[in-house]
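Data first, discussion second: the structure below is written as structure tokens.
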Amino acid sequence: MDDKKLTDAELLLLGLVAEMPRHGYELEQVIEQRGMREWTSIGFSSIYFVLGKLEKAGLVAAKKPQGAKARKVFSATGQGYGVLASQSLAALAQLKPNHSAVLLGIAHWPFLERKKAVAALRLRGEAVAKELVRLENIQFEQQPLPDFVEALFDYSLSQLRAEADWIRRTADYMEIKPE
């Protein structure tokens, strides 16, 4: 699997089990605690499916501890650490386009009633503002954070602040611009 690019979900889970051996429920907790749901799409129900794919590819190994209620614990293999490093470096270096649905709305602006379109943009702005507060609160409640986790929050918050600014400027402009 070294030459095959991992999906975002695969790379995320590989990295989390490389930090320390974990079972699926622990992975779900870490994803929630670190606010990873904000920037990656992996549902709780797909965690074990993705781990199974990583195990089949030889990137993680599963071990079931003794006990009736014991859960399988996954850890990265030597090959997994290598793939994690190479694909994480590629993720840092490469620009991957992010396709936002707001761009579809803007592209179809000529077909919209201007007042309704501006109102919709302002609603989006309110949602972005609420999300900013929510993420800032999560970040604050978890202090002190390791530098890399702080960087994750900073990136997401910076993106939201930029979007909030864009929405405000665009809605203001579209509201006063003659049709």
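Convention: chains lettered A, B, ... in structure tokens order; per-chain residue numbering from 1; ligands numbered from 1 as shown.
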
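Using only C-alpha atoms, the residues found no farther than 12 Å from region 99-114 of chain A, other than those of its own chain fewer than 4 positions away, are Val118, Ala119, Ala120, Leu121, Arg122, Leu123, Arg124, Gly125, Glu163, Trp166, Ile167, Thr170, Ala171, Asp172, Tyr173, Met174, Glu175, Ile176, Lys177, Pro178 and Glu179 of chain A.
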
Take the residues that were just selected and, keeping C-alpha atoms, output them as an mmCIF file, in the first residue's frame.
data_model
loop_
_atom_site.group_PDB
_atom_site.id
_atom_site.type_symbol
_atom_site.label_atom_id
_atom_site.label_comp_id
_atom_site.auth_asym_id
_atom_site.auth_seq_id
_atom_site.Cartn_x
_atom_site.Cartn_y
_atom_site.Cartn_z
ATOM 1 C CA VAL A 118 -27.781 38.081 0.504
ATOM 2 C CA ALA A 119 -29.956 36.822 3.383
ATOM 3 C CA ALA A 120 -28.708 33.282 2.742
ATOM 4 C CA LEU A 121 -25.099 34.506 2.832
ATOM 5 C CA ARG A 122 -25.771 36.289 6.116
ATOM 6 C CA LEU A 123 -27.271 33.062 7.534
ATOM 7 C CA ARG A 124 -24.086 31.285 6.542
ATOM 8 C CA GLY A 125 -22.159 34.026 8.301
ATOM 9 C CA GLU A 163 -14.652 32.844 5.540
ATOM 10 C CA TRP A 166 -15.340 37.080 3.040
ATOM 11 C CA ILE A 167 -19.043 36.541 3.777
ATOM 12 C CA THR A 170 -19.432 39.877 -0.126
ATOM 13 C CA ALA A 171 -22.878 40.233 1.449
ATOM 14 C CA ASP A 172 -22.284 43.964 2.074
ATOM 15 C CA TYR A 173 -21.140 44.476 -1.510
ATOM 16 C CA MET A 174 -23.971 42.450 -3.060
ATOM 17 C CA GLU A 175 -26.513 44.239 -0.913
ATOM 18 C CA ILE A 176 -25.539 47.721 -2.147
ATOM 19 C CA LYS A 177 -24.555 46.821 -5.722
ATOM 20 C CA PRO A 178 -27.284 47.604 -8.246
ATOM 21 C CA GLU A 179 -28.576 44.578 -10.141
#

Notebook entry, point to check: Hey, what's within 12 Å of Thr7 (chain A) if we count only C-alpha atoms and toss same-chain stuff fewer than 5 positions away? As a ChimeraX atom specification, please?
Noted result: /A:1,12-14,40-42,50,53-54,84,87-88,91

Note to self: According to DSSP computed on the backbone, where in region 92-131 of chain A is there helix (DSSP H, G or I)? Give the residues as number ranges by chain.
What the structure shows: A: 92-93, 101-107, 109-111, 114-131

Can you spit out the residues from that selection as a short mmCIF file (atom, residue, chain, number, x, y, z; two decimals), in the first residue's frame, using C-alpha atoms?
data_model
loop_
_atom_site.label_atom_id
_atom_site.label_comp_id
_atom_site.auth_asym_id
_atom_site.auth_seq_id
_atom_site.Cartn_x
_atom_site.Cartn_y
_atom_site.Cartn_z
CA LEU A 92 1.92 19.03 4.25
CA ALA A 93 3.59 19.91 0.95
CA ALA A 101 -20.82 24.35 -1.61
CA VAL A 102 -20.92 28.14 -1.17
CA LEU A 103 -19.12 28.41 -4.51
CA LEU A 104 -22.05 26.67 -6.21
CA GLY A 105 -24.41 29.22 -4.71
CA ILE A 106 -22.22 32.10 -5.91
CA ALA A 107 -21.89 30.54 -9.38
CA TRP A 109 -26.18 34.01 -8.24
CA PRO A 110 -27.72 35.36 -11.48
CA PHE A 111 -30.65 32.98 -11.02
CA ARG A 114 -30.76 39.24 -4.71
CA LYS A 115 -32.35 39.91 -1.30
CA LYS A 116 -32.82 36.19 -0.65
CA ALA A 117 -29.28 35.40 -1.77
CA VAL A 118 -27.78 38.08 0.50
CA ALA A 119 -29.96 36.82 3.38
CA ALA A 120 -28.71 33.28 2.74
CA LEU A 121 -25.10 34.51 2.83
CA ARG A 122 -25.77 36.29 6.12
CA LEU A 123 -27.27 33.06 7.53
CA ARG A 124 -24.09 31.29 6.54
CA GLY A 125 -22.16 34.03 8.30
CA GLU A 126 -24.13 33.40 11.49
CA ALA A 127 -23.41 29.67 11.25
CA VAL A 128 -19.69 30.38 10.74
CA ALA A 129 -19.69 32.72 13.76
CA LYS A 130 -21.30 30.02 15.94
CA GLU A 131 -18.80 27.45 14.72
#

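Of the residues listed (A:Ala85, A:Ala151, A:Ile138, A:Met20), A:Ile138 shows the shortest atom-to-atom separation from Glu32 (chain A); distances use only C-alpha atoms.
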
Check: Expressed in Å to a single decimal, how great is the separation between CA of Ala164 (chain A) and CA of Trp39 (chain A)?
Finding: 17.0 Å

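Closest approach to Leu16 (chain A) from the set A:Gly52, A:Phe44, A:Phe74, A:Arg161 is made by A:Phe74, with distances taken over only C-alpha atoms.
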
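Take the candidates A:Leu160, A:Met36, A:Val17, A:Leu89 and check each one against Val73 (chain A) using only C-alpha atoms; the shortest distance goes to A:Val17.
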
Checklist line | Which of region 31-117 of chain A fall in strand (DSSP E), as a ChimeraX atom specification | finding: /A:60-63,73-76

Residue selection dump (N, CA and C atoms) as a PDB file, in the first residue's frame:
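To be explicit, this is the file written out as again.pdb:
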ATOM      1  N   VAL A  60      -1.267  -1.733   9.933  1.00  0.00           N
ATOM      2  CA  VAL A  60      -1.550  -1.849  11.361  1.00  0.00           C
ATOM      3  C   VAL A  60      -1.687  -3.323  11.708  1.00  0.00           C
ATOM      4  N   ALA A  61      -1.479  -3.616  12.971  1.00  0.00           N
ATOM      5  CA  ALA A  61      -1.667  -4.974  13.475  1.00  0.00           C
ATOM      6  C   ALA A  61      -2.657  -4.908  14.628  1.00  0.00           C
ATOM      7  N   ALA A  62      -3.499  -5.928  14.734  1.00  0.00           N
ATOM      8  CA  ALA A  62      -4.500  -5.972  15.791  1.00  0.00           C
ATOM      9  C   ALA A  62      -4.122  -7.039  16.808  1.00  0.00           C
ATOM     10  N   LYS A  63      -4.384  -6.712  18.060  1.00  0.00           N
ATOM     11  CA  LYS A  63      -4.118  -7.654  19.137  1.00  0.00           C
ATOM     12  C   LYS A  63      -5.331  -7.626  20.050  1.00  0.00           C
ATOM     13  N   VAL A  73      -7.055  -4.140  19.953  1.00  0.00           N
ATOM     14  CA  VAL A  73      -6.223  -2.947  20.034  1.00  0.00           C
ATOM     15  C   VAL A  73      -5.338  -2.932  18.792  1.00  0.00           C
ATOM     16  N   PHE A  74      -5.300  -1.794  18.120  1.00  0.00           N
ATOM     17  CA  PHE A  74      -4.546  -1.661  16.880  1.00  0.00           C
ATOM     18  C   PHE A  74      -3.298  -0.826  17.111  1.00  0.00           C
ATOM     19  N   SER A  75      -2.218  -1.220  16.463  1.00  0.00           N
ATOM     20  CA  SER A  75      -0.972  -0.453  16.511  1.00  0.00           C
ATOM     21  C   SER A  75      -0.356  -0.440  15.117  1.00  0.00           C
ATOM     22  N   ALA A  76       0.453   0.556  14.861  1.00  0.00           N
ATOM     23  CA  ALA A  76       1.100   0.687  13.547  1.00  0.00           C
ATOM     24  C   ALA A  76       2.226  -0.331  13.430  1.00  0.00           C
TER      25      ALA A  76
END

Note to self: So, with only C-alpha atoms as the atoms that count, which of A:Asn137, A:Ser46, A:Gln142, A:Asn98 lies closest to Ala9 (chain A)?
What the structure shows: A:Ser46

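Closest approach to Ser156 (chain A) from the set A:Gly58, A:Gln66, A:Arg34, A:Ser45 is made by A:Arg34, with distances taken over only C-alpha atoms.
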
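With only C-alpha atoms as the atoms that count, the minimum distance from Tyr155 (chain A) to the choices A:Pro21, A:Gly78, A:Gly35, A:Gly15 is reached by A:Gly35.
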
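Picture a line from CA of Phe49 (chain A) to CA of Leu27 (chain A); it runs 12.8 Å.
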